[in-house]
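Peer 1: The structure that follows is given in the form of structure tokens.
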Amino acid sequence: MDDSMNAVIKDEQFSAIDRHFARFMMKLSDSSDDGLMLAALLVSCRTSRGDICIDITAAAGKTIAKAFGETENQFQLPAEHTWIAQLRKSQVVGAPGEFKPLILDEKGRLYLYRYWEYEQSLAESIKTRLAMNTAQPPAELLRQQLDRLFPVSADACTDWQRVAACVAVQKKLCIISGGPGTGKTYAAARILALLLEQERGAGRAPAVALAAPTGKAAARLKEIMQQAKGTLDCSDAVKAALPEEAFTVHRLLGPVTGTPYFRYTAENQLPYDIVVVDESSMADLALMAKLFQAVHGHAHLMLLGDRDQLASVAAGAVLGDICDTGNEHGYSHGFARIILECGGEEVPSSASEHPMADSLIVLHKNYRFGADSGIGALSQAIRTGNAERALHLLKNGGNEDIVFKDSVSAGALETALEEPAVRGYTPYLNAQNPDEALKLITGFKVLCALRQGPHGVESINRIVETILEKKGFINPLSRWYQFRPVMVTRNDYTMNLFNGDVGIAWQEAASNYGHRVFFPALEGGLRAVLPVKLPAHETVYAMTVHKSQGSEFDRVLIILPDRESPVLTRELLYTAISRARKRAEIWGTEKILRFMIKNPTSRTSGLRDALWS
């Protein structure tokens with residue numbers, strides 16, 4: 001192995017696990033080929049960073065920096081035919097269907113075996129479900145039910161919520177994508193009522209499950225469903241049949257303690273006839289593959305999410321691949337006729353008649369932001385990659401609900417943050433009880449793109465804490481001081497606390513006990529937890545944009561770093577802006593904003609090809 005190859009192996013982008021894995025593959029294959037060492041290093045590294053595989057064909061002949069972008073390494077990768085020939089002759093590289101540590105498919109994509117298997121399993125599960133239509137209800141009956149649950153509006157535009165209901169009734173798989181404020185969850189509540197009416201009319205009493213990838217998202221799903229239930233125009237029996245609880249997907253599948261396995265699998269499937277999963281963009285490939293296996297083929301499966309939002313932290317951009325994000329598809333001519341007949345809605349159709357397209361609905365109308373909303377217009381500009389429009393809105397648009405401020409240097413952050421932190425957190429810090437505090441803390445939040453560094457969450461939380469202490473709002477001499485906001489960072493099924501759950505440290509004045517940490521309870525009200533019993537957690541005046549998914553705040557302050565980073569993407573900026581209900585303020589530079597808007601997330605996988613090609 002020459003000096004240049006040794007330098008590649010020592011590159012800081014590769015972890016100790018990447019190096020160990022690559023050397024293990026070389027040992028197993030009894031090989032000295034640099035091509036295998038490079039491929040093993042890269043596939044291990046890229047999978048840990050969100051890709052499902054590496055595209056040998058696309059990367060071949062380029063430098064590592066040009067092919068993968070998160071390093072300055074200028075080592076040139078082998079030519080395509082040379083590299084693929086080296087891999088195909090290796091004992092540790094197999095073709096699809098073989099049981100080898102690495103799998104190289106016919107398009108030159110190289111996978112770790114486990115992720116190839118997850119991708120194949122999910123693709124096959126989706127295709128199987130697409131082929132299983134339900135019995136078509138009488139058109140007139142369905143039209144009457146739709147008119148009651150989804151009243152026809154005076155708006156001449158297509159009512160995509162009604163379209164979603166038509167799809168959900170007639171397809172075993174229904175994917176509803178839309179940005180914040182498009183009514184995904186409210187539509188799902190009405191669709192559930194419609195499905196229950198259909199099933200009860202046929203003499204069945206289906207079991208329904210609600211789920212989301214995180215505890216916070218599950219609690220939000222439950223809350224919105226309960227609110228929506230009061231607005232449904234249906235019988236009390238149907239309302240009573242709607243679920244009262246929402247699970248995390250992990251809890252739904254039943255984790256087996258001390259193992260990576262679940263109780264519910266392809267061999268022991270979930271006892272539900274209708275499963276609704278909210279915030280699906282947050283689910284990674286492994287979790288989604290296991291979910292699809294565990295839901296029996298005759299059940300209705302409904303995925304809700306925003307295809308333009310951040311992908312999961314772990315490997316995969318599953319919802320984006322399922323929705324073929326970036327491309328628009330019409331319904332098949334036959335299904336478009338059914339939607340017109342049953343729902344009274346005209347939808348675009350295509351002669352391609354792709355089965356995936358008939359199960360996908362993208363909601364367009366925003367019920368939260370009006371036509372004059374700066375947040376709505378800015379979100380749209382970012383989503384479509386229009387940097388000029390986004391910057392015009394921020395600098396010259398005259399919108400009071402969006403504000404842009406040139407990046408604040410690290411040394412000036414404490415001074416700059418004083419006014420917004422005090423104004424934003426004063427209502428929360430004047431709360432009279434933990435229930436009121438938990439409601440008021442959603443009024444304002446600082447969002448950061450990074451975890452570390454002067455503009456990262458760890459630094460900003462310390463600065464805000466210092467500001468509030470100087471102003472006399474808090475006394476952080478004790479770790480569990482009054483009003484300390486904390487966020488759980490690891491699931492704990494024994495305590496029923498999940499990654500993303502936010503609680504408040506509080507001591508009742510008349511209590512003889514120390515502080516408790518109060519969290520919203522899924523069944524309503526609050527639950528108090530002793531601090532010593534909390535799973536891993538952190539102070540949360542500020543949070544990363546990733547952690548903010550599934551949450552909404554009246555006002556957000558978005559702090560961007562002063563230099564480019566691979567994590568600064570279009571999706572991250574879009575997600576941050578769309579957390580705000582009333583006002584979004586961005587601290588950054590024009591250069592960074594342009595970089596983010598022009599830098600969409602790209603995760604390599606074969607799932608999109610498997611579903612759409």
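So you can find residues: chains in the structure tokens are A, B, ... in the order shown, residues in each start at 1, and ligands are numbered from 1 in order.
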Give me, as a count of residues only, the residues of stretch 409-582 of chain A that a backbone DSSP run labels alpha helix (DSSP H).

Peer 2: 50

Peer 1: For A:Asp34, list every protein, DNA or RNA residue within 8 Å, evaluated using only C-alpha atoms, and leave out those in the same chain fewer than 2 positions away; present the list as a list in words.

Peer 2: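 So, after excluding close chain neighbours, the residues are Met1, Met5, Ser32, Leu36, Met37 and Leu38 of chain A.
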
Peer 1: For stretch 394-403 of chain A, work out the shell of residues within 8 Å, counting only C-alpha atoms and skipping chain neighbours fewer than 3 positions away, then give it as number ranges by chain.

Peer 2: A: 373-375, 378, 390-391, 582-586

Peer 1: Filtering to N, CA, C and O atoms, could you give me those residues as a compact mmCIF listing (two decimals), in the first residue's frame?

Peer 2:
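As written to disk, result-v7.txt reads:
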```
# COMPACT_ATOMS: atom_id res chain seq x y z
N SER A 373 -48.47 36.30 3.41
CA SER A 373 -47.56 35.82 4.45
C SER A 373 -46.13 35.78 3.94
O SER A 373 -45.82 35.13 2.94
N GLY A 374 -45.23 36.44 4.65
CA GLY A 374 -43.82 36.37 4.29
C GLY A 374 -43.24 34.99 4.56
O GLY A 374 -42.42 34.49 3.78
N ILE A 375 -43.65 34.36 5.67
CA ILE A 375 -43.16 33.02 5.99
C ILE A 375 -43.56 32.04 4.90
O ILE A 375 -42.74 31.23 4.44
N LEU A 378 -41.55 32.86 1.67
CA LEU A 378 -40.14 32.50 1.83
C LEU A 378 -39.96 30.99 1.81
O LEU A 378 -39.02 30.48 1.17
N ALA A 390 -35.86 34.42 -2.51
CA ALA A 390 -35.78 34.33 -1.05
C ALA A 390 -35.05 35.54 -0.46
O ALA A 390 -35.51 36.14 0.52
N LEU A 391 -33.94 35.92 -1.06
CA LEU A 391 -33.18 37.06 -0.55
C LEU A 391 -33.94 38.38 -0.74
O LEU A 391 -33.87 39.27 0.11
N LYS A 582 -45.72 32.63 13.44
CA LYS A 582 -46.00 34.06 13.32
C LYS A 582 -44.81 34.89 12.86
O LYS A 582 -44.98 35.90 12.18
N ARG A 583 -43.59 34.48 13.22
CA ARG A 583 -42.43 35.31 12.87
C ARG A 583 -41.17 34.46 12.82
O ARG A 583 -40.94 33.64 13.71
N ALA A 584 -40.37 34.68 11.78
CA ALA A 584 -39.08 33.99 11.65
C ALA A 584 -38.00 35.02 11.42
O ALA A 584 -38.11 35.87 10.53
N GLU A 585 -36.95 34.96 12.22
CA GLU A 585 -35.81 35.87 12.08
C GLU A 585 -34.57 35.04 11.81
O GLU A 585 -34.31 34.04 12.49
N ILE A 586 -33.81 35.43 10.79
CA ILE A 586 -32.59 34.70 10.40
C ILE A 586 -31.38 35.57 10.64
O ILE A 586 -31.33 36.72 10.20
```

Peer 1: Report, in Å to a single decimal, how far apart atom CA of A:Ala131 and atom CA of A:Glu341 are.

Peer 2: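 For atom CA of A:Glu341 relative to atom CA of A:Ala131, the distance reads 21.6 Å.
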
Peer 1: Would you kindly return, as a JSON list (two decimals) with N, CA and C atoms, in the first residue's frame, each protein, DNA or RNA residue with an atom no farther than 9 Å from any atom of A:Asn499, considering only C-alpha atoms and excluding same-chain residues fewer than 3 positions away?

Peer 2:
```json
[["chain", "number", "residue", "atom", "x", "y", "z"],
["A", 214, "THR", "N", -41.10, 10.06, 16.61],
["A", 214, "THR", "CA", -40.62, 10.52, 17.91],
["A", 214, "THR", "C", -41.79, 10.69, 18.87],
["A", 215, "GLY", "N", -41.46, 10.70, 20.18],
["A", 215, "GLY", "CA", -42.50, 10.90, 21.19],
["A", 215, "GLY", "C", -43.17, 12.25, 21.06],
["A", 216, "LYS", "N", -42.38, 13.27, 20.76],
["A", 216, "LYS", "CA", -42.93, 14.62, 20.59],
["A", 216, "LYS", "C", -43.92, 14.65, 19.44],
["A", 487, "MET", "N", -34.62, 18.76, 27.24],
["A", 487, "MET", "CA", -35.11, 17.90, 26.17],
["A", 487, "MET", "C", -34.45, 16.53, 26.29],
["A", 488, "VAL", "N", -35.27, 15.50, 26.27],
["A", 488, "VAL", "CA", -34.77, 14.13, 26.30],
["A", 488, "VAL", "C", -34.08, 13.83, 24.97],
["A", 489, "THR", "N", -32.93, 13.17, 25.01],
["A", 489, "THR", "CA", -32.17, 12.89, 23.79],
["A", 489, "THR", "C", -32.03, 11.40, 23.51],
["A", 490, "ARG", "N", -32.65, 10.56, 24.34],
["A", 490, "ARG", "CA", -32.61, 9.11, 24.09],
["A", 490, "ARG", "C", -33.90, 8.48, 24.57],
["A", 491, "ASN", "N", -34.45, 7.56, 23.78],
["A", 491, "ASN", "CA", -35.68, 6.89, 24.17],
["A", 491, "ASN", "C", -35.48, 6.07, 25.44],
["A", 492, "ASP", "N", -36.46, 6.12, 26.33],
["A", 492, "ASP", "CA", -36.47, 5.28, 27.53],
["A", 492, "ASP", "C", -37.88, 4.72, 27.68],
["A", 502, "VAL", "N", -39.89, 17.43, 25.66],
["A", 502, "VAL", "CA", -39.44, 18.61, 26.38],
["A", 502, "VAL", "C", -40.17, 18.73, 27.71],
["A", 536, "ALA", "N", -30.88, 10.33, 29.05],
["A", 536, "ALA", "CA", -29.99, 11.39, 28.56],
["A", 536, "ALA", "C", -30.81, 12.61, 28.15],
["A", 537, "HIS", "N", -30.34, 13.79, 28.51],
["A", 537, "HIS", "CA", -31.11, 15.01, 28.27],
["A", 537, "HIS", "C", -30.16, 16.20, 28.19],
["A", 547, "LYS", "N", -33.74, 18.64, 15.61],
["A", 547, "LYS", "CA", -34.55, 18.31, 16.79],
["A", 547, "LYS", "C", -35.89, 19.03, 16.79]]
```

Peer 1: With only C-alpha atoms as the counted atoms, please give the residues lying no more than 12 Å from A:Ala217, apart from itself and same-chain residues fewer than 2 positions off, as a PDB file with N, CA, C and O atoms, in the first residue's frame.

Peer 2:
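File written: result.pdb
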```pdb
ATOM      1  N   THR A 185     -52.802  16.400   8.970  1.00  0.00           N
ATOM      2  CA  THR A 185     -53.337  15.606  10.087  1.00  0.00           C
ATOM      3  C   THR A 185     -54.838  15.772  10.217  1.00  0.00           C
ATOM      4  O   THR A 185     -55.551  14.807  10.524  1.00  0.00           O
ATOM      5  N   LEU A 210     -52.266   4.979  15.626  1.00  0.00           N
ATOM      6  CA  LEU A 210     -51.612   6.222  15.243  1.00  0.00           C
ATOM      7  C   LEU A 210     -50.166   6.163  15.724  1.00  0.00           C
ATOM      8  O   LEU A 210     -49.897   5.741  16.849  1.00  0.00           O
ATOM      9  N   ALA A 211     -49.233   6.609  14.887  1.00  0.00           N
ATOM     10  CA  ALA A 211     -47.823   6.542  15.269  1.00  0.00           C
ATOM     11  C   ALA A 211     -47.040   7.669  14.621  1.00  0.00           C
ATOM     12  O   ALA A 211     -47.479   8.276  13.637  1.00  0.00           O
ATOM     13  N   ALA A 212     -45.865   7.931  15.178  1.00  0.00           N
ATOM     14  CA  ALA A 212     -44.921   8.910  14.629  1.00  0.00           C
ATOM     15  C   ALA A 212     -43.522   8.494  15.071  1.00  0.00           C
ATOM     16  O   ALA A 212     -43.373   7.767  16.049  1.00  0.00           O
ATOM     17  N   PRO A 213     -42.485   8.939  14.369  1.00  0.00           N
ATOM     18  CA  PRO A 213     -41.139   8.494  14.705  1.00  0.00           C
ATOM     19  C   PRO A 213     -40.631   8.920  16.078  1.00  0.00           C
ATOM     20  O   PRO A 213     -39.782   8.252  16.656  1.00  0.00           O
ATOM     21  N   THR A 214     -41.098  10.057  16.613  1.00  0.00           N
ATOM     22  CA  THR A 214     -40.620  10.520  17.911  1.00  0.00           C
ATOM     23  C   THR A 214     -41.790  10.693  18.874  1.00  0.00           C
ATOM     24  O   THR A 214     -42.951  10.827  18.470  1.00  0.00           O
ATOM     25  N   GLY A 215     -41.463  10.701  20.177  1.00  0.00           N
ATOM     26  CA  GLY A 215     -42.499  10.900  21.187  1.00  0.00           C
ATOM     27  C   GLY A 215     -43.168  12.248  21.065  1.00  0.00           C
ATOM     28  O   GLY A 215     -44.384  12.381  21.239  1.00  0.00           O
ATOM     29  N   ALA A 219     -47.122  12.801  20.406  1.00  0.00           N
ATOM     30  CA  ALA A 219     -47.984  13.610  21.270  1.00  0.00           C
ATOM     31  C   ALA A 219     -48.720  14.673  20.463  1.00  0.00           C
ATOM     32  O   ALA A 219     -49.909  14.936  20.694  1.00  0.00           O
ATOM     33  N   ARG A 220     -48.025  15.277  19.514  1.00  0.00           N
ATOM     34  CA  ARG A 220     -48.646  16.296  18.660  1.00  0.00           C
ATOM     35  C   ARG A 220     -49.735  15.680  17.789  1.00  0.00           C
ATOM     36  O   ARG A 220     -50.808  16.262  17.602  1.00  0.00           O
ATOM     37  N   LEU A 221     -49.473  14.491  17.256  1.00  0.00           N
ATOM     38  CA  LEU A 221     -50.461  13.786  16.441  1.00  0.00           C
ATOM     39  C   LEU A 221     -51.717  13.502  17.256  1.00  0.00           C
ATOM     40  O   LEU A 221     -52.845  13.720  16.804  1.00  0.00           O
ATOM     41  N   LYS A 222     -51.516  13.021  18.475  1.00  0.00           N
ATOM     42  CA  LYS A 222     -52.659  12.728  19.343  1.00  0.00           C
ATOM     43  C   LYS A 222     -53.470  13.995  19.637  1.00  0.00           C
ATOM     44  O   LYS A 222     -54.700  13.995  19.570  1.00  0.00           O
ATOM     45  N   GLU A 223     -52.763  15.076  19.928  1.00  0.00           N
ATOM     46  CA  GLU A 223     -53.432  16.341  20.244  1.00  0.00           C
ATOM     47  C   GLU A 223     -54.281  16.825  19.073  1.00  0.00           C
ATOM     48  O   GLU A 223     -55.445  17.217  19.246  1.00  0.00           O
ATOM     49  N   ILE A 224     -53.709  16.808  17.868  1.00  0.00           N
ATOM     50  CA  ILE A 224     -54.445  17.289  16.700  1.00  0.00           C
ATOM     51  C   ILE A 224     -55.626  16.377  16.394  1.00  0.00           C
ATOM     52  O   ILE A 224     -56.717  16.841  16.032  1.00  0.00           O
ATOM     53  N   ALA A 246     -51.522   7.765  20.701  1.00  0.00           N
ATOM     54  CA  ALA A 246     -50.573   7.693  19.594  1.00  0.00           C
ATOM     55  C   ALA A 246     -49.259   7.142  20.129  1.00  0.00           C
ATOM     56  O   ALA A 246     -48.848   7.460  21.249  1.00  0.00           O
ATOM     57  N   PHE A 247     -48.613   6.302  19.358  1.00  0.00           N
ATOM     58  CA  PHE A 247     -47.375   5.645  19.766  1.00  0.00           C
ATOM     59  C   PHE A 247     -46.192   6.221  19.000  1.00  0.00           C
ATOM     60  O   PHE A 247     -46.345   6.757  17.902  1.00  0.00           O
ATOM     61  N   THR A 248     -44.990   6.043  19.536  1.00  0.00           N
ATOM     62  CA  THR A 248     -43.821   6.152  18.661  1.00  0.00           C
ATOM     63  C   THR A 248     -43.816   4.896  17.800  1.00  0.00           C
ATOM     64  O   THR A 248     -44.369   3.859  18.192  1.00  0.00           O
ATOM     65  N   VAL A 249     -43.195   4.966  16.631  1.00  0.00           N
ATOM     66  CA  VAL A 249     -43.144   3.778  15.773  1.00  0.00           C
ATOM     67  C   VAL A 249     -42.420   2.644  16.484  1.00  0.00           C
ATOM     68  O   VAL A 249     -42.821   1.483  16.405  1.00  0.00           O
ATOM     69  N   VAL A 277     -49.145   6.956  10.073  1.00  0.00           N
ATOM     70  CA  VAL A 277     -47.827   7.370  10.562  1.00  0.00           C
ATOM     71  C   VAL A 277     -47.594   8.821  10.155  1.00  0.00           C
ATOM     72  O   VAL A 277     -47.532   9.132   8.964  1.00  0.00           O
ATOM     73  N   ASP A 278     -47.480   9.693  11.147  1.00  0.00           N
ATOM     74  CA  ASP A 278     -47.236  11.109  10.894  1.00  0.00           C
ATOM     75  C   ASP A 278     -45.735  11.385  10.902  1.00  0.00           C
ATOM     76  O   ASP A 278     -44.940  10.588  11.400  1.00  0.00           O
ATOM     77  N   GLU A 279     -45.321  12.537  10.352  1.00  0.00           N
ATOM     78  CA  GLU A 279     -43.917  12.959  10.289  1.00  0.00           C
ATOM     79  C   GLU A 279     -43.038  11.850   9.699  1.00  0.00           C
ATOM     80  O   GLU A 279     -41.938  11.553  10.192  1.00  0.00           O
ATOM     81  N   SER A 280     -43.505  11.256   8.613  1.00  0.00           N
ATOM     82  CA  SER A 280     -42.807  10.104   8.023  1.00  0.00           C
ATOM     83  C   SER A 280     -41.431  10.454   7.477  1.00  0.00           C
ATOM     84  O   SER A 280     -40.586   9.559   7.319  1.00  0.00           O
ATOM     85  N   SER A 281     -41.183  11.737   7.189  1.00  0.00           N
ATOM     86  CA  SER A 281     -39.865  12.111   6.676  1.00  0.00           C
ATOM     87  C   SER A 281     -38.774  11.848   7.698  1.00  0.00           C
ATOM     88  O   SER A 281     -37.592  11.738   7.343  1.00  0.00           O
ATOM     89  N   MET A 282     -39.132  11.727   8.974  1.00  0.00           N
ATOM     90  CA  MET A 282     -38.154  11.502  10.023  1.00  0.00           C
ATOM     91  C   MET A 282     -37.788  10.027  10.180  1.00  0.00           C
ATOM     92  O   MET A 282     -36.864   9.695  10.933  1.00  0.00           O
ATOM     93  N   ALA A 283     -38.487   9.145   9.505  1.00  0.00           N
ATOM     94  CA  ALA A 283     -38.238   7.701   9.637  1.00  0.00           C
ATOM     95  C   ALA A 283     -37.121   7.280   8.687  1.00  0.00           C
ATOM     96  O   ALA A 283     -37.155   7.590   7.497  1.00  0.00           O
ATOM     97  N   LEU A 304     -48.047  10.227   6.443  1.00  0.00           N
ATOM     98  CA  LEU A 304     -48.174  11.678   6.377  1.00  0.00           C
ATOM     99  C   LEU A 304     -46.794  12.291   6.564  1.00  0.00           C
ATOM    100  O   LEU A 304     -45.994  11.800   7.366  1.00  0.00           O
ATOM    101  N   GLY A 305     -46.503  13.350   5.844  1.00  0.00           N
ATOM    102  CA  GLY A 305     -45.208  14.001   6.021  1.00  0.00           C
ATOM    103  C   GLY A 305     -44.975  15.076   4.989  1.00  0.00           C
ATOM    104  O   GLY A 305     -45.809  15.318   4.112  1.00  0.00           O
ATOM    105  N   PHE A 498     -39.233   9.902  25.442  1.00  0.00           N
ATOM    106  CA  PHE A 498     -38.686   9.635  24.115  1.00  0.00           C
ATOM    107  C   PHE A 498     -37.881  10.825  23.604  1.00  0.00           C
ATOM    108  O   PHE A 498     -38.100  11.974  24.000  1.00  0.00           O
ATOM    109  N   ASN A 499     -36.952  10.519  22.720  1.00  0.00           N
ATOM    110  CA  ASN A 499     -36.095  11.514  22.103  1.00  0.00           C
ATOM    111  C   ASN A 499     -36.928  12.681  21.567  1.00  0.00           C
ATOM    112  O   ASN A 499     -37.826  12.482  20.753  1.00  0.00           O
ATOM    113  N   GLY A 500     -36.634  13.888  22.044  1.00  0.00           N
ATOM    114  CA  GLY A 500     -37.378  15.071  21.607  1.00  0.00           C
ATOM    115  C   GLY A 500     -38.402  15.562  22.602  1.00  0.00           C
ATOM    116  O   GLY A 500     -38.900  16.687  22.477  1.00  0.00           O
ATOM    117  N   ASP A 501     -38.756  14.765  23.623  1.00  0.00           N
ATOM    118  CA  ASP A 501     -39.701  15.219  24.636  1.00  0.00           C
ATOM    119  C   ASP A 501     -39.108  16.383  25.429  1.00  0.00           C
ATOM    120  O   ASP A 501     -37.936  16.344  25.839  1.00  0.00           O
ATOM    121  N   VAL A 502     -39.889  17.430  25.661  1.00  0.00           N
ATOM    122  CA  VAL A 502     -39.436  18.614  26.381  1.00  0.00           C
ATOM    123  C   VAL A 502     -40.169  18.728  27.706  1.00  0.00           C
ATOM    124  O   VAL A 502     -41.397  18.596  27.769  1.00  0.00           O
ATOM    125  N   LEU A 522     -49.254  11.747  27.628  1.00  0.00           N
ATOM    126  CA  LEU A 522     -50.000  11.375  26.428  1.00  0.00           C
ATOM    127  C   LEU A 522     -51.496  11.302  26.701  1.00  0.00           C
ATOM    128  O   LEU A 522     -52.320  11.581  25.833  1.00  0.00           O
ATOM    129  N   LYS A 547     -33.735  18.636  15.611  1.00  0.00           N
ATOM    130  CA  LYS A 547     -34.548  18.307  16.788  1.00  0.00           C
ATOM    131  C   LYS A 547     -35.885  19.033  16.789  1.00  0.00           C
ATOM    132  O   LYS A 547     -36.814  18.643  17.490  1.00  0.00           O
ATOM    133  N   SER A 548     -35.985  20.123  16.018  1.00  0.00           N
ATOM    134  CA  SER A 548     -37.225  20.907  16.008  1.00  0.00           C
ATOM    135  C   SER A 548     -38.305  20.283  15.140  1.00  0.00           C
ATOM    136  O   SER A 548     -39.455  20.731  15.172  1.00  0.00           O
ATOM    137  N   GLN A 549     -37.964  19.281  14.342  1.00  0.00           N
ATOM    138  CA  GLN A 549     -38.961  18.663  13.461  1.00  0.00           C
ATOM    139  C   GLN A 549     -40.126  18.121  14.292  1.00  0.00           C
ATOM    140  O   GLN A 549     -39.916  17.496  15.328  1.00  0.00           O
ATOM    141  N   GLY A 550     -41.336  18.365  13.810  1.00  0.00           N
ATOM    142  CA  GLY A 550     -42.513  17.945  14.549  1.00  0.00           C
ATOM    143  C   GLY A 550     -42.996  18.985  15.548  1.00  0.00           C
ATOM    144  O   GLY A 550     -44.027  18.795  16.178  1.00  0.00           O
ATOM    145  N   SER A 551     -42.253  20.090  15.699  1.00  0.00           N
ATOM    146  CA  SER A 551     -42.637  21.159  16.631  1.00  0.00           C
ATOM    147  C   SER A 551     -43.001  22.418  15.865  1.00  0.00           C
ATOM    148  O   SER A 551     -42.589  22.608  14.716  1.00  0.00           O
ATOM    149  N   GLU A 552     -43.749  23.280  16.530  1.00  0.00           N
ATOM    150  CA  GLU A 552     -44.077  24.591  15.987  1.00  0.00           C
ATOM    151  C   GLU A 552     -43.925  25.617  17.096  1.00  0.00           C
ATOM    152  O   GLU A 552     -44.191  25.325  18.265  1.00  0.00           O
TER     153      GLU A 552
END
```

Peer 1: Skipping near chain neighbours, those fewer than 3 positions away, what residues fall within 8 Å of A:Ile176 using only C-alpha atoms, listed as a VMD selection string?

Peer 2: chain A and resid 164 184 302 to 305 360 to 363

Peer 1: Using only C-alpha atoms, which protein or nucleic acid residues come within 9 Å of A:Ile52? Drop anything in the same chain fewer than 2 positions from it, and give the result as a ChimeraX atom specification.

Peer 2: /A:43,46-48,50,54,110-112,115-116,119,285,315-317,603-606

Peer 1: Take the residues from that selection and put them in a file with C-alpha atoms, as a short mmCIF file (atom, residue, chain, number, x, y, z; two decimals), in the first residue's frame.

Peer 2:
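Final output, saved to part23.cif:
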```cif
data_model
loop_
_atom_site.label_atom_id
_atom_site.label_comp_id
_atom_site.auth_asym_id
_atom_site.auth_seq_id
_atom_site.Cartn_x
_atom_site.Cartn_y
_atom_site.Cartn_z
CA VAL A 43 -19.51 2.63 1.97
CA ARG A 46 -21.29 7.24 3.71
CA THR A 47 -23.85 4.93 5.32
CA SER A 48 -23.10 6.52 8.69
CA GLY A 50 -27.11 9.08 5.60
CA ILE A 54 -22.29 4.54 -2.78
CA LEU A 110 -22.38 -0.75 -3.55
CA TYR A 111 -24.23 -1.53 -0.32
CA LEU A 112 -23.53 -2.94 3.08
CA TYR A 115 -28.92 -1.89 3.97
CA TRP A 116 -29.35 -3.61 0.61
CA GLU A 119 -34.04 -1.42 0.68
CA LEU A 285 -34.77 3.17 5.97
CA ALA A 315 -29.55 6.40 6.71
CA GLY A 316 -32.05 7.13 3.98
CA ALA A 317 -34.39 9.83 2.68
CA ARG A 603 -28.68 10.84 -0.39
CA THR A 604 -27.62 7.95 -2.55
CA SER A 605 -30.01 4.99 -2.65
CA GLY A 606 -31.67 2.65 -5.09
#
```

Peer 1: From the options A:Gln161, A:Val152, A:Asp284, A:His250, which residue's atoms come nearest to A:Ala314, counting only C-alpha atoms?

Peer 2: A:Asp284

Peer 1: Name the closest residue to A:Leu593 among the candidates A:Ile382, A:Val556, A:Ile460, A:Ala412; distances are taken between atoms, counting only C-alpha atoms.

Peer 2: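 Once distances to A:Leu593 are computed over only C-alpha atoms, the minimum belongs to A:Ile382.
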
Peer 1: Rank nothing, just name the residue among A:Glu244, A:Asp11, A:Asp233, A:Glu388 nearest to A:Ala65, using only C-alpha atoms.

Peer 2: A:Asp11

Peer 1: Find, counting only C-alpha atoms, the residue in A:Val167, A:Val92, A:Ile64, A:Ala58 that gets nearest to A:Cys342.

Peer 2: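 Closest residue, counting only C-alpha atoms: A:Val167.
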
Peer 1: Where does DSSP see strand (DSSP E) in stretch 39-213 of chain A, if you list the residues as a count of residues only?

Peer 2: 21

Peer 1: Rounded to one decimal place, report the atom CA of A:Lys62-atom CA of A:Val567 distance in Å.

Peer 2: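 That distance, rounded to one decimal, is 22.0 Å.
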